[in-house]
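Everything below belongs to target_1.cif, which stores mmCIF, C-alpha atoms.
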```cif
data_run
#
loop_
_atom_site.label_atom_id
_atom_site.label_comp_id
_atom_site.auth_asym_id
_atom_site.auth_seq_id
_atom_site.Cartn_x
_atom_site.Cartn_y
_atom_site.Cartn_z
CA MET A 631 107.18 54.28 79.81
CA GLU A 632 108.53 55.06 83.23
CA GLU A 633 105.86 56.40 85.54
CA HIS A 634 106.49 59.53 87.58
CA SER A 635 104.66 59.57 90.88
CA ALA A 636 103.62 62.82 92.47
CA ASP A 637 106.10 62.12 95.26
CA SER A 638 109.03 61.92 92.81
CA ARG A 639 108.28 65.24 91.13
CA ILE A 640 110.28 68.34 91.96
CA LYS A 641 108.38 70.88 94.02
CA GLU A 642 111.56 72.69 95.08
CA ILE A 643 115.20 72.49 93.99
CA ASP A 644 117.68 71.46 96.67
CA LEU A 645 121.19 71.01 95.29
CA ASP A 646 122.51 69.88 98.68
CA VAL A 647 120.21 66.86 98.54
CA ILE A 648 120.82 66.22 94.82
CA VAL A 649 124.60 66.33 95.21
CA ALA A 650 124.50 64.14 98.33
CA LYS A 651 122.59 61.45 96.44
CA ARG A 652 125.17 61.52 93.65
CA GLY A 653 128.27 61.18 95.79
CA GLY A 654 128.42 64.63 97.31
CA ASP A 655 131.50 63.85 99.40
CA LYS A 656 133.53 64.25 96.21
CA ILE A 657 132.21 67.73 95.45
CA PRO A 658 133.52 70.66 97.56
CA THR A 659 130.94 72.83 99.31
CA PHE A 660 132.11 75.95 97.48
CA VAL A 661 131.31 74.24 94.15
CA VAL A 662 127.79 73.37 95.32
CA ASN A 663 127.26 76.96 96.49
CA TRP A 664 128.52 78.22 93.12
CA LEU A 665 126.03 75.98 91.34
CA LYS A 666 123.23 77.30 93.54
CA ARG A 667 124.06 80.84 92.45
CA LEU A 668 124.44 79.79 88.82
CA ILE A 669 120.96 78.27 88.64
CA HIS A 670 119.44 80.90 90.97
CA GLN A 671 118.09 78.22 93.28
CA ASP A 672 116.45 80.59 95.79
CA PHE A 673 114.82 82.69 93.05
CA ILE A 674 113.40 79.64 91.27
CA ASN A 675 112.17 78.08 94.50
CA GLY A 676 110.42 81.33 95.35
CA TYR A 677 108.20 80.67 92.37
CA LEU A 678 107.87 76.89 92.73
CA ARG A 679 106.51 77.38 96.26
CA GLN A 680 103.46 79.09 94.76
CA GLY A 681 102.28 75.65 93.69
CA ARG A 682 100.86 76.64 90.32
CA ARG A 683 100.35 73.83 87.81
CA GLY A 684 99.64 73.28 84.15
CA VAL A 685 98.76 76.28 82.00
CA ASP A 686 98.59 78.43 85.11
CA PHE A 687 102.20 77.44 85.90
CA CYS A 688 103.28 78.73 82.47
CA LYS A 689 101.38 81.98 82.87
CA GLY A 690 102.79 82.41 86.37
CA VAL A 691 106.40 82.07 85.19
CA LEU A 692 105.94 85.02 82.84
CA GLU A 693 104.29 87.06 85.58
CA TYR A 694 107.03 86.18 88.07
CA LEU A 695 109.71 87.32 85.63
CA GLY A 696 107.80 90.39 84.48
CA VAL A 697 107.99 89.16 80.89
CA THR A 698 105.54 90.54 78.33
CA VAL A 699 104.62 88.71 75.14
CA GLU A 700 103.10 90.05 71.93
CA VAL A 701 101.31 87.39 69.92
CA ARG A 702 100.96 88.13 66.22
CA GLY A 703 98.74 85.99 64.02
CA ARG A 704 96.55 84.70 66.83
CA GLU A 705 93.70 84.64 64.32
CA ASN A 706 95.52 81.76 62.59
CA LEU A 707 94.94 79.42 65.52
CA PRO A 708 92.38 76.81 64.36
CA LYS A 709 89.03 76.74 66.12
CA ASP A 710 87.42 73.73 64.42
CA GLY A 711 87.86 71.28 67.27
CA ARG A 712 90.43 69.12 65.44
CA LEU A 713 93.79 68.19 66.93
CA TYR A 714 96.92 69.92 65.63
CA THR A 715 100.69 69.82 65.85
CA PHE A 716 102.31 73.13 66.80
CA VAL A 717 105.98 73.42 65.82
CA SER A 718 108.33 76.23 66.78
CA ASN A 719 111.96 77.25 66.68
CA HIS A 720 113.61 77.05 70.09
CA PRO A 721 115.75 80.16 70.65
CA LEU A 722 115.68 80.40 74.46
CA GLY A 723 115.24 76.96 75.98
CA ALA A 724 112.80 77.97 78.74
CA ILE A 725 110.78 81.15 78.22
CA ASP A 726 109.76 80.11 74.71
CA GLY A 727 108.45 76.83 76.10
CA VAL A 728 106.34 78.27 78.89
CA THR A 729 105.09 81.04 76.59
CA LEU A 730 103.65 78.55 74.12
CA GLY A 731 102.24 76.55 77.01
CA TRP A 732 100.39 79.65 78.18
CA VAL A 733 99.24 80.94 74.76
CA LEU A 734 98.13 77.58 73.36
CA GLY A 735 96.99 76.19 76.70
CA GLU A 736 94.54 79.04 77.24
CA GLU A 737 93.36 78.87 73.62
CA TYR A 738 92.63 75.14 73.82
CA ASP A 739 91.42 74.81 77.41
CA GLY A 740 94.57 73.05 78.55
CA ARG A 741 94.34 70.35 75.87
CA ILE A 742 98.02 70.50 75.01
CA LYS A 743 100.98 68.22 75.55
CA TYR A 744 104.68 69.00 75.25
CA LEU A 745 107.22 66.52 74.01
CA VAL A 746 110.03 67.40 76.41
CA ASN A 747 113.11 66.02 78.12
CA ASP A 748 112.34 63.84 81.12
CA LEU A 749 114.06 66.36 83.40
CA LEU A 750 111.28 68.90 82.78
CA MET A 751 108.62 66.27 83.33
CA ASN A 752 109.92 66.00 86.88
CA LEU A 753 108.81 69.58 87.58
CA ASP A 754 105.51 69.21 89.39
CA GLY A 755 104.07 72.38 87.87
CA LEU A 756 104.70 71.28 84.28
CA ALA A 757 103.86 67.61 84.70
CA PRO A 758 100.19 67.93 83.61
CA LEU A 759 101.30 69.27 80.21
CA CYS A 760 104.19 66.96 79.47
CA VAL A 761 104.84 63.70 77.70
CA PRO A 762 108.31 62.81 79.00
CA ILE A 763 111.11 62.13 76.54
CA ASN A 764 114.65 61.16 77.37
CA LYS A 765 116.88 60.00 74.51
CA LEU A 766 119.67 59.13 76.94
CA GLY A 767 120.13 56.11 79.18
CA LYS A 768 117.68 53.31 79.77
CA GLN A 769 114.65 55.26 78.54
CA ALA A 770 116.05 55.58 75.01
CA ARG A 771 114.18 52.44 73.95
CA ASN A 772 110.91 54.06 75.03
CA PHE A 773 111.32 57.13 72.80
CA PRO A 774 109.09 55.86 69.95
CA ALA A 775 106.38 54.83 72.42
CA MET A 776 106.42 58.27 74.04
CA VAL A 777 106.03 60.02 70.68
CA GLU A 778 103.27 57.59 69.75
CA SER A 779 101.51 58.31 73.04
CA ALA A 780 101.46 62.05 72.38
CA PHE A 781 100.16 61.88 68.81
CA SER A 782 97.61 59.15 69.45
CA GLY A 783 96.19 61.05 72.42
CA GLU A 784 93.38 63.57 72.71
CA ASP A 785 95.53 66.70 73.04
CA ASN A 786 97.23 69.12 70.72
CA VAL A 787 100.98 68.55 70.55
CA ILE A 788 103.65 71.24 71.00
CA LEU A 789 107.02 70.36 69.51
CA PHE A 790 110.44 71.97 69.32
CA PRO A 791 111.74 69.68 66.56
CA ALA A 792 115.38 70.71 67.03
CA GLY A 793 115.37 69.20 70.52
CA LEU A 794 118.10 71.53 71.76
CA CYS A 795 117.68 75.29 71.86
CA SER A 796 119.20 77.33 69.02
CA ARG A 797 122.94 77.66 68.51
CA LYS A 798 125.07 80.40 66.97
CA GLN A 799 126.77 79.25 63.80
CA ASN A 800 128.68 81.53 61.43
CA GLY A 801 127.28 84.51 63.31
CA VAL A 802 123.65 83.42 62.86
CA ILE A 803 121.41 82.13 65.65
CA ARG A 804 119.24 79.28 64.36
CA ASP A 805 117.98 75.87 65.34
CA LEU A 806 120.04 72.81 64.53
CA GLU A 807 118.54 70.18 62.23
CA TRP A 808 114.89 69.38 62.94
CA GLY A 809 113.79 65.84 63.68
CA LYS A 810 111.36 64.16 61.29
CA ALA A 811 108.78 63.04 63.88
CA CYS A 812 106.89 66.35 63.65
CA VAL A 813 106.11 65.50 60.01
CA SER A 814 105.84 61.72 59.97
CA LYS A 815 103.55 61.52 63.03
CA SER A 816 101.41 64.45 61.93
CA VAL A 817 100.80 62.69 58.62
CA GLN A 818 100.12 59.36 60.31
CA TYR A 819 97.53 60.89 62.65
CA LYS A 820 96.19 63.38 60.10
CA ARG A 821 97.10 66.46 62.11
CA ASP A 822 97.67 69.72 60.25
CA ILE A 823 100.77 71.58 61.39
CA VAL A 824 100.74 75.15 62.72
CA PRO A 825 104.13 76.90 62.33
CA ILE A 826 105.28 79.29 65.06
CA HIS A 827 108.27 81.61 65.12
CA PHE A 828 109.53 82.88 68.47
CA VAL A 829 111.77 85.97 68.38
CA GLY A 830 114.53 85.90 70.98
CA GLU A 831 118.13 84.99 71.73
CA ASN A 832 120.31 84.02 74.67
CA SER A 833 123.47 85.75 75.86
CA LYS A 834 126.81 85.67 74.03
CA ARG A 835 128.20 83.60 76.90
CA PHE A 836 125.64 80.87 76.28
CA TYR A 837 126.56 80.49 72.62
CA ARG A 838 130.27 80.67 73.41
CA VAL A 839 130.00 77.82 75.94
CA ALA A 840 127.82 75.77 73.57
CA ASN A 841 130.37 76.13 70.78
CA ILE A 842 133.27 75.22 73.09
CA CYS A 843 131.42 72.05 74.13
CA LYS A 844 130.90 71.16 70.48
CA TRP A 845 134.54 71.87 69.63
CA LEU A 846 135.73 69.69 72.51
CA HIS A 847 133.23 66.92 71.60
CA LEU A 848 131.93 66.85 75.17
CA LYS A 849 129.08 64.43 75.80
CA PHE A 850 127.60 66.48 78.64
CA ASN A 851 125.73 69.58 77.50
CA PHE A 852 127.28 72.18 79.84
CA ALA A 853 125.38 74.97 78.08
CA MET A 854 122.19 73.49 79.55
CA LEU A 855 123.44 74.48 83.02
CA LEU A 856 123.28 78.10 81.90
CA LEU A 857 119.60 78.03 80.91
CA PRO A 858 118.29 78.93 84.40
CA ASP A 859 120.58 81.97 84.34
CA GLU A 860 119.34 82.88 80.86
CA MET A 861 115.79 82.69 82.17
CA TYR A 862 116.73 84.85 85.16
CA LYS A 863 118.19 87.47 82.81
CA SER A 864 114.95 87.62 80.85
CA GLN A 865 113.23 89.57 83.63
CA GLY A 866 111.32 92.54 82.27
CA ARG A 867 111.91 91.64 78.64
CA ARG A 868 109.40 91.67 75.80
CA TYR A 869 109.12 88.87 73.25
CA VAL A 870 107.19 88.47 70.02
CA VAL A 871 105.54 85.27 68.83
CA HIS A 872 104.44 84.86 65.19
CA ILE A 873 101.76 82.26 64.46
CA GLY A 874 101.32 81.12 60.86
CA LYS A 875 98.41 79.53 59.05
CA PRO A 876 97.95 75.76 59.42
CA ILE A 877 99.73 73.62 56.84
CA PRO A 878 97.56 70.66 55.74
CA TYR A 879 99.12 67.30 56.53
CA GLU A 880 98.51 66.28 52.89
CA THR A 881 101.25 68.77 51.95
CA PHE A 882 103.86 66.35 53.24
CA ASP A 883 103.62 63.81 50.44
CA ARG A 884 106.11 61.30 49.05
CA THR A 885 107.92 63.84 46.86
CA ARG A 886 110.30 64.29 49.80
CA THR A 887 111.36 62.19 52.75
CA PRO A 888 109.94 63.10 56.19
CA LYS A 889 113.42 64.33 57.15
CA ALA A 890 113.56 66.63 54.11
CA TRP A 891 110.04 67.88 54.80
CA ALA A 892 111.07 68.67 58.38
CA GLN A 893 113.87 70.94 57.12
CA TRP A 894 111.41 72.54 54.69
CA LEU A 895 109.08 73.18 57.62
CA LYS A 896 111.94 74.68 59.60
CA GLU A 897 112.61 77.16 56.79
CA LYS A 898 108.91 78.07 56.67
CA VAL A 899 109.03 78.89 60.39
CA TYR A 900 111.98 81.25 59.90
CA GLU A 901 110.36 82.81 56.82
CA LEU A 902 107.30 83.44 58.99
CA GLY A 903 109.37 85.56 61.32
CA GLU A 904 110.99 87.44 58.46
CA GLU A 905 107.63 88.20 56.82
CA HIS A 906 106.14 89.62 60.01
CA GLU A 907 109.18 91.81 60.64
CA LYS A 908 108.98 93.52 57.24
#
```

Same coordinates, now as structure tokens:
Amino acid sequence: MEEHSADSRIKEIDLDVIVAKRGGDKIPTFVVNWLKRLIHQDFINGYLRQGRRGVDFCKGVLEYLGVTVEVRGRENLPKDGRLYTFVSNHPLGAIDGVTLGWVLGEEYDGRIKYLVNDLLMNLDGLAPLCVPINKLGKQARNFPAMVESAFSGEDNVILFPAGLCSRKQNGVIRDLEWGKACVSKSVQYKRDIVPIHFVGENSKRFYRVANICKWLHLKFNFAMLLLPDEMYKSQGRRYVVHIGKPIPYETFDRTRTPKAWAQWLKEKVYELGEEHEK
């Protein structure tokens, strides 16, 4: 696994420096300035300069944005000292992540680890909570080792099994197919799984861009560039999180493949949201 030194982590975002390192002479200044506005560089840096880290970083993001969160089913969070896998749908791509980091981090005294893209691991404030994952490039071969590291460790694991945030298909906003690791590794390490449903959605523009990228078969995920703007637009909003009862790892037997069980688990997460909204 590639090590990330404290010096290499991002404490502030500086697109001028990033672009210069990647051949900035080919990118016009007006494009760089447009990107700064798109990702709200000054607004984000205003928060990063506070220097908050770990669970406190997650809590601080919500405070900075003026976001309020209602947690339903908090009584379902296990308190027996065992290690668990927490799985959730991924409707927003940012706020849902930091929300679970705050809720679960405070509940379990910071003993949580995300399985996240390596880009997020580079954020200094999130680094204490992250096991870096990057399925692209030279780190692809390390993916199994990173998953193994998380589940064999001494922390609870937070997973968004879809990997990408939700997409709009046939007028419905839902996760794409869930990966099987949430099931196979939970069974291997005898971790019960706690299902979580996060209520939220991004803007119509986000889903439109995501669908265009899919239609054009583009390798680069341009919709990801819009996530900072989606986070910025979440200021003052209220979200609801539904926490279900733990599902024993023994449930995931050989009657189905781990991949099939993962899709079953995904449906249970969405049913959880539907039940609470009745």

Applying the PyMOL selection byres ((chain A and resi 841-844) around 12) to the file I just gave you, which residues come out? Please list them as a list in words.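 After applying the PyMOL selection byres ((chain A and resi 841-844) around 12), what remains is Ser796, Arg797, Lys798, Gln799, Asn800, Gly801, Ile803, Lys834, Arg835, Phe836, Tyr837, Arg838, Val839, Ala840, Trp845, Leu846, His847, Leu848, Lys849, Phe850, Asn851, Phe852, Ala853 and Met854 of chain A.
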
Would you mind listing what lies within 12 Å of Thr698 in chain A as a list in words, with only C-alpha atoms counted and same-chain residues fewer than 2 positions away left out? Lys689, Gly690, Val691, Leu692, Glu693, Tyr694, Leu695, Gly696, Glu700, Val701, Ile725, Asp726, Thr729, Ser864, Gln865, Gly866, Arg867, Arg868, Tyr869, Val870 and Val871 of chain A

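If you count all atoms listed in the file and draw a sphere of 12 Å around (115.7, 64.3, 64.1), the protein and nucleic acid residues inside it come out as Lys765, Leu789, Phe790, Pro791, Ala792, Gly793, Leu794, Asp805, Leu806, Glu807, Trp808, Gly809, Lys810, Ala811, Cys812, Val813, Ser814, Pro888, Lys889, Ala890, Trp891, Ala892, Gln893 and Lys896 of chain A.
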
With distances taken over only C-alpha atoms, which of A:Glu901, A:Asp754, A:Asp822, A:Asp883 is nearest to Arg679 in chain A?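 Among A:Glu901, A:Asp754, A:Asp822, A:Asp883, it is A:Asp754 that comes nearest to Arg679 in chain A.
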
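Using only C-alpha atoms, the protein and nucleic acid residues lying at most 7 Å from the point (100.1, 60.5, 66.5) are A:Glu778, A:Ala780, A:Phe781, A:Ser782, A:Lys815, A:Ser816, A:Gln818, A:Tyr819.
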
With C-alpha atoms kept, could you save the residues just selected as an mmCIF file, in the coordinates of the input?
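Dumped everything to again.cif:
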```cif
data_model
loop_
_atom_site.group_PDB
_atom_site.id
_atom_site.type_symbol
_atom_site.label_atom_id
_atom_site.label_comp_id
_atom_site.auth_asym_id
_atom_site.auth_seq_id
_atom_site.Cartn_x
_atom_site.Cartn_y
_atom_site.Cartn_z
ATOM 1 C CA GLU A 778 103.270 57.590 69.750
ATOM 2 C CA ALA A 780 101.460 62.050 72.380
ATOM 3 C CA PHE A 781 100.160 61.880 68.810
ATOM 4 C CA SER A 782 97.610 59.150 69.450
ATOM 5 C CA LYS A 815 103.550 61.520 63.030
ATOM 6 C CA SER A 816 101.410 64.450 61.930
ATOM 7 C CA GLN A 818 100.120 59.360 60.310
ATOM 8 C CA TYR A 819 97.530 60.890 62.650
#
```

Between A:Asp785, A:Glu831, A:Glu904, A:Asp710, which one has atoms that come closest to Val802 in chain A, using all atoms listed in the file?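 So, comparing all the options, the nearest one is A:Glu831.
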
Suppose you want the space between CA of Pro774 in chain A and CA of Ala757 in chain A; what is it in Å?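 CA of Ala757 in chain A lies 19.6 Å from CA of Pro774 in chain A.
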
Any idea what the distance is between CA of Tyr677 in chain A and CA of Gly723 in chain A?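 These two atoms are separated by 18.2 Å.
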
Near range 681-685 of chain A, counting all atoms listed in the file, which residues have an atom at most 6 Å away, once you skip same-chain residues fewer than 2 positions from it, shown as a list of chain:residue names?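 Surrounding residues, per the criterion: A:Leu678, A:Arg679, A:Phe687, A:Cys688, A:Trp732, A:Gly735, A:Gly755, A:Leu756, A:Pro758, A:Leu759.
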
Any chance you can output those residues with C-alpha atoms as a CSV table (one decimal), in the coordinates of the input?
```csv
chain,number,residue,atom,x,y,z
A,678,LEU,CA,107.9,76.9,92.7
A,679,ARG,CA,106.5,77.4,96.3
A,687,PHE,CA,102.2,77.4,85.9
A,688,CYS,CA,103.3,78.7,82.5
A,732,TRP,CA,100.4,79.6,78.2
A,735,GLY,CA,97.0,76.2,76.7
A,755,GLY,CA,104.1,72.4,87.9
A,756,LEU,CA,104.7,71.3,84.3
A,758,PRO,CA,100.2,67.9,83.6
A,759,LEU,CA,101.3,69.3,80.2
```

Given the choices A:Lys898, A:Lys641, A:Arg821, A:Lys656, which gets closest to Pro878 in chain A if the distance is worked out from all atoms listed in the file? A:Arg821

I'd like the interatomic distance between CA of Trp894 in chain A and CA of Glu736 in chain A, to a tenth of an Å.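 Value for the CA of Trp894 in chain A-CA of Glu736 in chain A distance: 28.9 Å.
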
For this structure, which residues satisfy the selection - the PyMOL selection byres ((chain A and resi 724) around 9) - when it is evaluated on the file as given? I want them as a PyMOL selection string. chain A and resi 720-723+725-729+795+857-858+860-861

Would you mind exporting C-alpha atoms of the selected residues as a short mmCIF file (atom, residue, chain, number, x, y, z; two decimals), keeping the file's coordinate frame?
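This went into out_4.cif:
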```cif
data_model
loop_
_atom_site.label_atom_id
_atom_site.label_comp_id
_atom_site.auth_asym_id
_atom_site.auth_seq_id
_atom_site.Cartn_x
_atom_site.Cartn_y
_atom_site.Cartn_z
CA HIS A 720 113.61 77.05 70.09
CA PRO A 721 115.75 80.16 70.65
CA LEU A 722 115.68 80.40 74.46
CA GLY A 723 115.24 76.96 75.98
CA ILE A 725 110.78 81.15 78.22
CA ASP A 726 109.76 80.11 74.71
CA GLY A 727 108.45 76.83 76.10
CA VAL A 728 106.34 78.27 78.89
CA THR A 729 105.09 81.04 76.59
CA CYS A 795 117.68 75.29 71.86
CA LEU A 857 119.60 78.03 80.91
CA PRO A 858 118.29 78.93 84.40
CA GLU A 860 119.34 82.88 80.86
CA MET A 861 115.79 82.69 82.17
#
```

Which residue gives the smallest distance to Ile826 in chain A among A:Leu730, A:Val787, A:Val717, A:Leu745, with all atoms listed in the file counted?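 Checking each candidate against Ile826 in chain A, we get A:Val717 as the closest.
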
Rank A:Arg804, A:Lys875, A:Val761, A:Glu897 by their smallest atom-to-atom distance to Gly703 in chain A, using all atoms listed in the file, and report the top residue only. A:Lys875

Let me make sure I understand: among A:His827, A:Glu642, A:Leu753, A:Gly731, which one has the smallest atom-to-atom distance to Gly676 in chain A if we use only C-alpha atoms? A:Glu642
